[in-house]
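Okay, model19.tsv is below, TSV, C-alpha atoms and all ligand atoms:
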chain	number	residue	atom	x	y	z
A	88	MET	CA	44.89	5.93	120.98
A	89	LYS	CA	41.91	8.26	120.78
A	90	ASP	CA	43.81	11.00	122.67
A	91	GLN	CA	46.81	10.48	120.44
A	92	VAL	CA	44.59	10.95	117.31
A	93	TYR	CA	43.15	14.23	118.65
A	94	LYS	CA	46.61	15.49	119.62
A	95	ILE	CA	48.11	14.68	116.23
A	96	THR	CA	45.14	16.35	114.49
A	97	GLU	CA	45.43	19.53	116.57
A	98	THR	CA	49.18	19.80	115.89
A	99	ALA	CA	48.58	19.20	112.19
A	100	LYS	CA	45.85	21.88	112.10
A	101	LYS	CA	48.13	24.44	113.78
A	102	ARG	CA	50.97	23.70	111.38
A	103	ILE	CA	48.63	24.07	108.40
A	104	ASP	CA	47.41	27.35	109.81
A	105	ASP	CA	50.97	28.63	110.25
A	106	ALA	CA	52.22	27.43	106.86
A	107	VAL	CA	53.28	30.24	104.47
A	108	SER	CA	54.44	28.22	101.47
A	109	LEU	CA	53.22	25.42	99.25
A	110	LYS	CA	56.39	23.50	100.08
A	111	GLU	CA	55.58	23.65	103.79
A	112	LEU	CA	52.07	22.36	103.08
A	113	ASN	CA	53.46	19.50	101.06
A	114	ASP	CA	55.80	18.58	103.93
A	115	ILE	CA	52.82	18.59	106.33
A	116	LYS	CA	50.87	16.31	104.02
A	117	VAL	CA	53.77	13.87	103.87
A	118	LYS	CA	54.25	14.01	107.65
A	119	TYR	CA	50.63	13.18	108.49
A	120	LEU	CA	49.00	11.59	105.47
A	121	GLY	CA	51.97	10.22	103.51
A	122	LYS	CA	52.81	6.51	103.26
A	123	LYS	CA	54.69	6.66	106.53
A	124	GLY	CA	52.66	9.59	107.88
A	125	GLU	CA	51.41	9.71	111.46
A	126	ILE	CA	47.71	9.23	110.64
A	127	THR	CA	48.50	6.58	108.03
A	128	SER	CA	50.61	4.68	110.55
A	129	LEU	CA	47.76	4.74	113.08
A	130	LEU	CA	45.37	3.47	110.41
A	131	LYS	CA	47.81	0.65	109.72
A	132	SER	CA	47.95	-0.20	113.41
A	133	LEU	CA	44.15	-0.64	113.67
A	134	SER	CA	44.63	-4.39	113.32
A	135	SER	CA	46.27	-4.42	116.75
A	136	LEU	CA	43.01	-3.21	118.34
A	137	SER	CA	40.20	-5.40	119.56
A	138	LYS	CA	37.27	-6.14	117.23
A	139	GLU	CA	35.01	-3.90	119.36
A	140	GLU	CA	37.36	-0.90	119.35
A	141	ARG	CA	38.36	-1.14	115.70
A	142	PRO	CA	35.27	0.30	113.89
A	143	ALA	CA	34.99	3.44	116.04
A	144	MET	CA	38.72	4.13	115.89
A	145	GLY	CA	38.77	3.46	112.13
A	146	LYS	CA	35.91	5.91	111.65
A	147	LEU	CA	37.64	8.58	113.77
A	148	LEU	CA	40.96	8.17	111.95
A	149	ASN	CA	39.26	8.44	108.54
A	150	GLU	CA	37.38	11.56	109.65
A	151	LYS	CA	40.60	13.17	110.89
A	152	ARG	CA	42.49	12.16	107.76
A	153	ASN	CA	39.78	13.75	105.59
A	154	GLU	CA	39.71	16.85	107.81
A	155	ILE	CA	43.50	17.36	107.54
A	156	ASP	CA	43.38	16.69	103.80
A	157	LYS	CA	40.58	19.25	103.33
A	158	LEU	CA	42.43	21.89	105.39
A	159	ILE	CA	45.64	21.34	103.37
A	160	LEU	CA	43.62	21.73	100.14
A	161	GLU	CA	41.94	24.93	101.33
A	162	LYS	CA	45.24	26.42	102.48
A	163	THR	CA	46.84	25.43	99.15
A	164	GLU	CA	44.08	27.33	97.27
A	165	TYR	CA	44.51	30.32	99.56
A	166	LEU	CA	48.28	30.44	99.06
A	167	ASN	CA	47.88	30.05	95.27
A	168	LYS	CA	45.43	32.95	95.16
A	169	GLU	CA	47.74	35.10	97.24
A	170	LYS	CA	50.66	34.25	94.93
A	171	LEU	CA	48.58	35.29	91.92
A	172	ASN	CA	47.55	38.57	93.56
A	173	ILE	CA	51.18	39.44	94.25
A	174	LYS	CA	52.09	38.55	90.65
A	175	VAL	CA	49.27	40.71	89.22
A	176	LYS	CA	50.33	43.62	91.41
A	177	GLU	CA	53.97	43.28	90.43
A	178	GLU	CA	53.22	42.87	86.73
A	179	THR	CA	50.70	45.69	86.36
A	180	ILE	CA	51.27	47.35	82.98
A	181	ASP	CA	51.97	51.04	83.27
A	182	VAL	CA	50.57	52.35	80.01
A	183	THR	CA	52.31	55.67	80.53
A	184	ALA	CA	55.75	54.05	80.80
A	185	ASN	CA	58.27	54.04	77.91
A	186	ARG	CA	56.22	56.55	75.95
A	187	ASN	CA	59.31	57.85	74.19
A	188	LYS	CA	59.75	54.48	72.53
A	189	HIS	CA	56.89	55.24	70.12
A	190	ASP	CA	57.54	57.47	67.15
A	191	VAL	CA	55.38	60.55	66.97
A	192	GLY	CA	54.47	61.71	63.48
A	193	HIS	CA	54.32	65.25	62.20
A	194	PHE	CA	53.08	67.25	59.24
A	195	SER	CA	54.84	66.53	55.96
A	196	LEU	CA	57.33	69.11	54.74
A	197	ILE	CA	54.83	70.20	52.05
A	198	ASN	CA	52.11	70.88	54.62
A	199	GLN	CA	54.60	72.63	56.90
A	200	THR	CA	55.67	74.83	53.98
A	201	MET	CA	52.08	75.65	53.00
A	202	ALA	CA	51.25	76.55	56.61
A	203	GLU	CA	54.38	78.73	56.83
A	204	LEU	CA	53.46	80.52	53.58
A	205	GLU	CA	49.84	81.03	54.67
A	206	GLY	CA	51.00	82.43	58.02
A	207	LEU	CA	53.35	84.82	56.25
A	208	PHE	CA	50.67	86.16	53.92
A	209	GLN	CA	48.13	86.41	56.73
A	210	LYS	CA	50.56	88.68	58.58
A	211	MET	CA	50.70	90.81	55.43
A	212	GLY	CA	46.89	91.19	55.51
A	213	PHE	CA	45.88	88.48	53.01
A	214	ASP	CA	42.83	86.20	53.40
A	215	VAL	CA	43.43	82.46	53.14
A	216	VAL	CA	40.78	80.80	50.95
A	217	SER	CA	40.39	77.28	49.61
A	218	GLY	CA	39.26	76.01	46.24
A	219	PRO	CA	38.30	72.61	44.79
A	220	GLU	CA	40.86	70.27	43.23
A	221	ILE	CA	38.30	69.36	40.56
A	222	ASP	CA	37.07	72.38	38.62
A	223	THR	CA	35.38	73.41	35.40
A	224	VAL	CA	37.15	74.17	32.13
A	225	ALA	CA	35.57	77.64	32.39
A	226	ASN	CA	37.28	78.42	35.72
A	227	VAL	CA	40.54	76.73	34.82
A	228	PHE	CA	40.97	78.00	31.24
A	229	ASP	CA	38.14	80.01	29.56
A	230	ASP	CA	37.68	82.79	32.09
A	231	LEU	CA	41.45	82.95	32.57
A	232	ASN	CA	41.65	84.16	28.96
A	233	SER	CA	43.30	80.95	27.71
A	234	PRO	CA	42.80	80.60	23.95
A	235	LYS	CA	41.14	77.37	22.81
A	236	ASN	CA	44.40	76.30	21.18
A	237	HIS	CA	46.62	76.95	24.20
A	238	PRO	CA	48.89	73.89	24.71
A	239	SER	CA	48.09	73.64	28.45
A	240	ARG	CA	44.48	72.75	27.48
A	241	ASP	CA	45.70	69.71	25.63
A	242	LEU	CA	44.93	66.20	26.88
A	243	THR	CA	48.67	65.62	27.01
A	244	ASP	CA	48.98	68.38	29.62
A	245	THR	CA	45.77	68.33	31.66
A	246	PHE	CA	43.79	65.46	33.20
A	247	TYR	CA	40.18	65.69	31.93
A	248	LEU	CA	37.40	64.00	33.94
A	249	SER	CA	34.89	64.97	31.22
A	250	ASP	CA	34.78	67.56	28.39
A	251	ASN	CA	34.11	70.35	30.89
A	252	VAL	CA	35.64	69.09	34.13
A	253	VAL	CA	39.35	68.70	34.96
A	254	LEU	CA	41.74	68.03	37.80
A	255	ARG	CA	42.96	71.60	38.19
A	256	PRO	CA	46.39	72.08	36.58
A	257	HIS	CA	46.96	75.27	38.60
A	258	THR	CA	45.44	77.15	41.52
A	259	SER	CA	44.65	80.15	39.27
A	260	SER	CA	41.07	78.81	39.00
A	261	VAL	CA	40.56	80.02	42.60
A	262	GLN	CA	41.22	83.59	41.35
A	263	ILE	CA	38.16	83.30	39.10
A	264	ARG	CA	35.99	81.88	41.89
A	265	VAL	CA	36.96	84.71	44.27
A	266	MET	CA	36.63	87.49	41.68
A	267	LYS	CA	33.19	86.20	40.65
A	268	GLN	CA	31.98	86.62	44.23
A	269	GLY	CA	32.26	90.35	43.45
A	270	LYS	CA	33.63	91.54	46.81
A	271	LEU	CA	36.35	94.14	46.25
A	272	PRO	CA	39.09	94.86	47.11
A	273	ILE	CA	40.63	91.35	47.05
A	274	ARG	CA	43.75	90.27	48.90
A	275	MET	CA	43.87	86.49	49.01
A	276	VAL	CA	46.09	83.43	48.90
A	277	SER	CA	44.99	79.87	48.22
A	278	ALA	CA	47.15	76.76	48.44
A	279	GLY	CA	46.51	73.16	47.49
A	280	ARG	CA	47.10	70.24	45.19
A	281	THR	CA	47.42	70.61	41.42
A	282	PHE	CA	47.71	67.99	38.69
A	283	ARG	CA	49.45	67.87	35.33
A	284	ASN	CA	50.27	65.18	32.83
A	285	ASP	CA	53.99	65.92	33.38
A	286	GLU	CA	56.79	63.36	33.20
A	287	VAL	CA	58.39	62.77	36.60
A	288	ASP	CA	61.91	64.12	36.99
A	289	ASP	CA	63.96	65.91	39.66
A	290	THR	CA	61.75	69.02	39.59
A	291	HIS	CA	58.42	67.77	38.15
A	292	SER	CA	55.69	65.62	39.65
A	293	PRO	CA	52.24	64.91	38.10
A	294	MET	CA	50.71	65.88	41.45
A	295	PHE	CA	52.29	68.88	43.10
A	296	HIS	CA	51.24	71.91	45.14
A	297	GLN	CA	50.77	75.55	44.29
A	298	MET	CA	49.90	78.66	46.21
A	299	GLU	CA	48.02	81.36	44.36
A	300	CYS	CA	48.10	85.01	45.34
A	301	LEU	CA	45.66	87.62	44.02
A	302	VAL	CA	45.27	91.31	44.72
A	303	VAL	CA	42.61	93.43	43.00
A	304	ASP	CA	42.03	97.03	43.95
A	305	GLU	CA	42.20	100.54	42.53
A	306	GLY	CA	45.73	101.61	41.63
A	307	VAL	CA	47.48	98.23	42.02
A	308	SER	CA	50.76	98.29	40.06
A	309	LEU	CA	53.65	96.08	38.97
A	310	ALA	CA	55.71	97.78	41.70
A	311	ASN	CA	53.26	96.38	44.30
A	312	LEU	CA	53.65	92.93	42.76
A	313	LYS	CA	57.46	93.04	42.88
A	314	ASP	CA	57.44	94.45	46.39
A	315	THR	CA	55.07	91.74	47.68
A	316	ILE	CA	57.16	88.99	46.09
A	317	ASN	CA	60.40	90.46	47.48
A	318	ILE	CA	58.96	90.66	51.01
A	319	PHE	CA	57.71	87.09	50.96
A	320	ILE	CA	60.96	85.76	49.41
A	321	LYS	CA	63.09	87.47	52.07
A	322	ASN	CA	60.83	86.19	54.86
A	323	MET	CA	60.93	82.70	53.45
A	324	PHE	CA	64.60	82.41	52.49
A	325	GLY	CA	66.46	85.13	54.38
A	326	ASP	CA	67.41	88.78	53.86
A	327	ASP	CA	70.50	87.99	51.82
A	328	VAL	CA	68.58	86.16	49.06
A	329	LYS	CA	68.08	88.11	45.81
A	330	THR	CA	65.03	87.78	43.54
A	331	ARG	CA	65.25	87.58	39.75
A	332	PHE	CA	62.29	88.61	37.57
A	333	ARG	CA	62.35	87.27	34.00
A	334	PRO	CA	59.83	88.27	31.28
A	335	HIS	CA	57.40	85.48	30.39
A	336	TYR	CA	53.98	84.84	28.84
A	337	PHE	CA	50.76	83.75	30.53
A	338	PRO	CA	47.36	84.29	28.85
A	339	PHE	CA	45.87	85.56	32.13
A	340	THR	CA	48.47	88.23	32.96
A	341	GLU	CA	49.99	91.13	31.07
A	342	PRO	CA	52.87	91.76	31.54
A	343	SER	CA	53.94	88.34	32.83
A	344	LEU	CA	57.04	87.28	34.75
A	345	GLU	CA	58.81	84.21	36.02
A	346	VAL	CA	60.69	84.37	39.30
A	347	ASP	CA	63.64	82.59	40.80
A	348	VAL	CA	66.05	83.45	43.64
A	349	THR	CA	69.74	83.21	44.43
A	350	CYS	CA	70.46	79.81	45.95
A	351	PRO	CA	69.84	80.20	49.71
A	352	ILE	CA	72.35	77.43	50.46
A	353	CYS	CA	75.42	78.99	48.78
A	354	LYS	CA	74.06	82.57	48.56
A	355	GLY	CA	74.61	82.61	44.81
A	356	LYS	CA	78.18	81.34	44.76
A	357	GLY	CA	77.27	77.98	43.22
A	358	CYS	CA	76.95	74.63	44.99
A	359	ASP	CA	75.59	71.09	44.45
A	360	ALA	CA	72.07	72.17	45.52
A	361	CYS	CA	71.84	74.73	42.65
A	362	ASN	CA	73.83	72.71	40.08
A	363	HIS	CA	76.57	75.33	40.49
A	364	THR	CA	74.45	78.03	38.80
A	365	GLY	CA	74.03	80.19	41.92
A	366	TRP	CA	70.28	80.37	41.08
A	367	SER	CA	67.32	78.32	42.25
A	368	MET	CA	65.01	76.52	39.83
A	369	GLU	CA	61.99	78.50	38.61
A	370	LEU	CA	59.74	79.07	41.61
A	371	LEU	CA	56.73	81.00	40.40
A	372	GLY	CA	54.82	82.67	37.60
A	373	ALA	CA	53.38	86.16	38.08
A	374	GLY	CA	51.94	89.20	36.37
A	375	MET	CA	49.34	91.93	36.25
A	376	VAL	CA	45.84	90.46	35.89
A	377	HIS	CA	44.80	90.69	32.24
A	378	PRO	CA	41.89	93.16	31.77
A	379	ASN	CA	39.96	90.41	29.93
A	380	VAL	CA	40.10	88.25	33.07
A	381	LEU	CA	38.75	91.08	35.23
A	382	GLU	CA	35.94	91.69	32.74
A	383	ASN	CA	35.14	87.93	32.51
A	384	CYS	CA	34.50	88.10	36.27
A	385	GLY	CA	32.39	91.25	36.09
A	386	ILE	CA	35.07	93.64	37.38
A	387	ASP	CA	35.49	97.03	35.72
A	388	SER	CA	39.02	96.91	34.26
A	389	GLU	CA	39.05	100.70	33.74
A	390	LYS	CA	38.67	101.22	37.49
A	391	TYR	CA	40.44	98.22	38.96
A	392	THR	CA	43.80	96.61	38.37
A	393	GLY	CA	45.33	93.58	39.99
A	394	PHE	CA	48.37	91.38	40.30
A	395	ALA	CA	48.61	87.64	40.73
A	396	PHE	CA	51.21	84.98	41.14
A	397	GLY	CA	51.27	81.21	41.49
A	398	MET	CA	54.20	79.48	43.14
A	399	GLY	CA	55.24	75.85	43.29
A	400	VAL	CA	55.09	74.97	47.01
A	401	ASP	CA	57.13	71.78	46.49
A	402	ARG	CA	59.89	73.77	44.83
A	403	ILE	CA	59.83	76.44	47.56
A	404	ALA	CA	60.39	73.64	50.12
A	405	MET	CA	63.14	72.12	47.97
A	406	VAL	CA	65.04	75.37	47.54
A	407	LYS	CA	64.66	76.34	51.19
A	408	HIS	CA	65.95	73.00	52.46
A	409	GLY	CA	68.46	72.16	49.73
A	410	ILE	CA	66.48	69.14	48.43
A	411	ASN	CA	67.60	68.19	44.94
A	412	ASP	CA	64.86	65.71	43.95
A	413	ILE	CA	61.08	66.34	44.22
A	414	ARG	CA	60.47	62.57	44.51
A	415	LEU	CA	61.96	62.62	48.01
A	416	LEU	CA	58.91	64.64	49.12
A	417	TYR	CA	56.59	61.78	48.12
A	418	ASP	CA	58.65	58.65	48.83
A	419	ASN	CA	57.69	58.44	52.52
A	420	ASP	CA	61.21	57.40	53.47
A	421	LYS	CA	61.44	57.90	57.24
A	422	ARG	CA	65.13	58.81	57.02
A	423	PHE	CA	64.09	61.81	54.91
A	424	ILE	CA	60.84	62.67	56.72
A	425	GLU	CA	62.49	62.68	60.15
A	426	GLN	CA	64.82	65.50	59.11
A	427	PHE	CA	61.94	68.00	59.09
B	1	LIG	C1	51.18	78.62	36.47
B	1	LIG	O1	50.70	77.56	36.88
B	1	LIG	C2	50.42	79.89	36.58
B	1	LIG	N1	49.04	79.62	36.90
B	1	LIG	C3	51.08	80.76	37.62
B	1	LIG	C4	50.56	82.16	37.61
B	1	LIG	C5	49.58	82.51	38.49
B	1	LIG	C6	51.07	83.10	36.70
B	1	LIG	C7	49.07	83.80	38.49
B	1	LIG	C8	50.59	84.37	36.68
B	1	LIG	C9	49.59	84.73	37.58
B	1	LIG	P1	53.50	77.59	35.84
B	1	LIG	O2	52.97	76.57	34.92
B	1	LIG	O3	54.78	78.20	35.48
B	1	LIG	O4	52.46	78.73	36.09
B	1	LIG	O5	53.59	76.95	37.29
B	1	LIG	C10	53.89	77.74	38.41
B	1	LIG	C11	54.88	77.03	39.31
B	1	LIG	O6	54.41	75.72	39.65
B	1	LIG	C12	56.22	76.75	38.63
B	1	LIG	O7	57.04	77.90	38.73
B	1	LIG	C13	56.75	75.63	39.44
B	1	LIG	O8	57.31	76.10	40.63
B	1	LIG	C14	55.51	74.84	39.79
B	1	LIG	N2	55.30	73.68	38.90
B	1	LIG	C15	54.77	73.66	37.67
B	1	LIG	N3	54.70	72.40	37.19
B	1	LIG	C16	55.19	71.60	38.17
B	1	LIG	C17	55.37	70.18	38.31
B	1	LIG	N4	55.00	69.33	37.37
B	1	LIG	N5	55.92	69.71	39.44
B	1	LIG	C18	56.29	70.57	40.42
B	1	LIG	N6	56.12	71.90	40.37
B	1	LIG	C19	55.58	72.42	39.25
Representation of the structure as structure tokens:
Amino acid sequence: MKDQVYKITETAKKRIDDAVSLKELNDIKVKYLGKKGEITSLLKSLSSLSKEERPAMGKLLNEKRNEIDKLILEKTEYLNKEKLNIKVKEETIDVTANRNKHDVGHFSLINQTMAELEGLFQKMGFDVVSGPEIDTVANVFDDLNSPKNHPSRDLTDTFYLSDNVVLRPHTSSVQIRVMKQGKLPIRMVSAGRTFRNDEVDDTHSPMFHQMECLVVDEGVSLANLKDTINIFIKNMFGDDVKTRFRPHYFPFTEPSLEVDVTCPICKGKGCDACNHTGWSMELLGAGMVHPNVLENCGIDSEKYTGFAFGMGVDRIAMVKHGINDIRLLYDNDKRFIEQF
């Protein structure tokens, strides 16, 4: 019986060693240690042995049963680990995969338009400068020659943070800041946010964007102003777009003009985008810098002249892209944003 026990154990050990699946291991366990297993059967047959032989054989069988059980357990752990390793390898997450599934954002149409305008003016030799969105009443109104009773100074038009500090209602305050630095000649543009207590409608927003342009030098004329505007309009909207200059009034320029263009969508024939007028909405205010403004900034108005204009960036974007409601620029509707 002893030989038989060793033989069974050796065969069991070899089969455990060769096993490649948990199912195989389970079968081995049943075959040797199960209810009717070979080792179990031998244990059951101990009663047929003599009293003297029984203890030693019982001890041996128990040792071999424990040995086989331990080997099956170890092999089970090994196979489980191997299974996990294969799974980890197969399921490794490739963080570079499917990258096109994620949406990539981009600059808003307003920022794209401001960058395009700045690039255009830089090519024409202008400096790009920035100015604060909160400014003094002096920079925003007084030094721009605005009379104390001018309606734009009213609380119903301008957001006051205190008696002397406002959210700038136009970028013209940057003109004053640059002129006061005293470096001449000046050729600059400055774009950014502006704020007015305006009712929201298709073409008005209480927060909108302007770009200011200022040139101060000896011999600057209205012809230079018109020429500069024409060049930038054609570059922005196309060669076939015509510019219209209408007389206007601003306290800080004399003479003053308002400017619009033929609708770039229908080329002036009339379409939905221009309400069938053939003309864009008003795009910008312009004029020759008032001598009082030059003097307020310490510039000799007998020697120097200048022109300036301030355009609505939102409206430039609207006219260029045929957008008929300014609110679309601020709604953050992806269907709209994705078009640009
Ligand atoms: C001015 O703001 C002057 N500072 C422009 C100027 C500068 C004139 C330098 C002369 C010399 P105006 O209020 O017209 O002008 O505004 C200029 C442009 O800003 C308008 O033509 C329009 O395009 C835009 N704009 C004005 N108010 C709004 C608003 N509430 N929403 C959107 N765009 C506006």
Taking (64.8, 62.6, 59.6) in the coordinates of the supplied file, I want to know which residues reach to within 12 Å of it, counting all atoms listed in the file; could you give the answer as an MDAnalysis selection string?
chainID A and resid 190 192:193 195:196 415 419:427
Interatomic distance (Å, one decimal) between CA of Phe337 (chain A) and CA of Met405 (chain A):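 Taking CA of Phe337 (chain A) as the start and CA of Met405 (chain A) as the end point, the length is 24.3 Å.
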Taking only C-alpha atoms into account, name the residue in A:Met298, A:Cys353, A:Cys384, A:Ile318 that is nearest to Gly269 (chain A).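 Looking only at the distances to Gly269 (chain A), the closest residue turns out to be A:Cys384.
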task = Considering all atoms listed in the file, state which residue in the set A:Leu120, A:Leu248, A:Met144, A:Val182 is at the smallest distance from Asp90 (chain A).
result =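 So, comparing all the options, the nearest one is A:Met144.
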Handout entry: Pick from A:Gly121, A:Pro338, A:Gly365, A:Pro351, whichever lies nearest to Asn322 (chain A) using only C-alpha atoms
Key =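 Ranked by minimum distance to Asn322 (chain A), first place goes to A:Pro351.
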Kindly assemble as JSON lines a list of the chain A residues that lie within 6 Å of ligand LIG 1 (chain B), each paired with its nearest atom pair and their distance in Å to one decimal, using all atoms listed in the file, sorted first by chain and then by ascending residue number.
{"residue": "A:His257", "atom": "CA", "partner": "B:LIG1", "partner_atom": "O1", "distance": 4.7}
{"residue": "A:Ser259", "atom": "CA", "partner": "B:LIG1", "partner_atom": "N1", "distance": 5.0}
{"residue": "A:Asp285", "atom": "CA", "partner": "B:LIG1", "partner_atom": "N4", "distance": 5.3}
{"residue": "A:Thr290", "atom": "CA", "partner": "B:LIG1", "partner_atom": "C18", "distance": 5.7}
{"residue": "A:His291", "atom": "CA", "partner": "B:LIG1", "partner_atom": "N5", "distance": 3.4}
{"residue": "A:Ser292", "atom": "CA", "partner": "B:LIG1", "partner_atom": "N5", "distance": 4.1}
{"residue": "A:Pro293", "atom": "CA", "partner": "B:LIG1", "partner_atom": "N4", "distance": 5.3}
{"residue": "A:Phe295", "atom": "CA", "partner": "B:LIG1", "partner_atom": "C18", "distance": 5.1}
{"residue": "A:Gln297", "atom": "CA", "partner": "B:LIG1", "partner_atom": "O6", "distance": 5.9}
{"residue": "A:Thr340", "atom": "CA", "partner": "B:LIG1", "partner_atom": "C8", "distance": 5.8}
{"residue": "A:Glu369", "atom": "CA", "partner": "B:LIG1", "partner_atom": "O7", "distance": 5.0}
{"residue": "A:Leu370", "atom": "CA", "partner": "B:LIG1", "partner_atom": "O8", "distance": 4.0}
{"residue": "A:Leu371", "atom": "CA", "partner": "B:LIG1", "partner_atom": "O7", "distance": 3.5}
{"residue": "A:Gly372", "atom": "CA", "partner": "B:LIG1", "partner_atom": "C6", "distance": 3.9}
{"residue": "A:Ala373", "atom": "CA", "partner": "B:LIG1", "partner_atom": "C8", "distance": 3.6}
{"residue": "A:Gly374", "atom": "CA", "partner": "B:LIG1", "partner_atom": "C8", "distance": 5.0}
{"residue": "A:Ala395", "atom": "CA", "partner": "B:LIG1", "partner_atom": "C9", "distance": 4.4}
{"residue": "A:Phe396", "atom": "CA", "partner": "B:LIG1", "partner_atom": "C7", "distance": 3.6}
{"residue": "A:Gly397", "atom": "CA", "partner": "B:LIG1", "partner_atom": "C5", "distance": 3.7}
{"residue": "A:Met398", "atom": "CA", "partner": "B:LIG1", "partner_atom": "C11", "distance": 4.6}
{"residue": "A:Gly399", "atom": "CA", "partner": "B:LIG1", "partner_atom": "O8", "distance": 3.4}
{"residue": "A:Arg402", "atom": "CA", "partner": "B:LIG1", "partner_atom": "O8", "distance": 5.5}
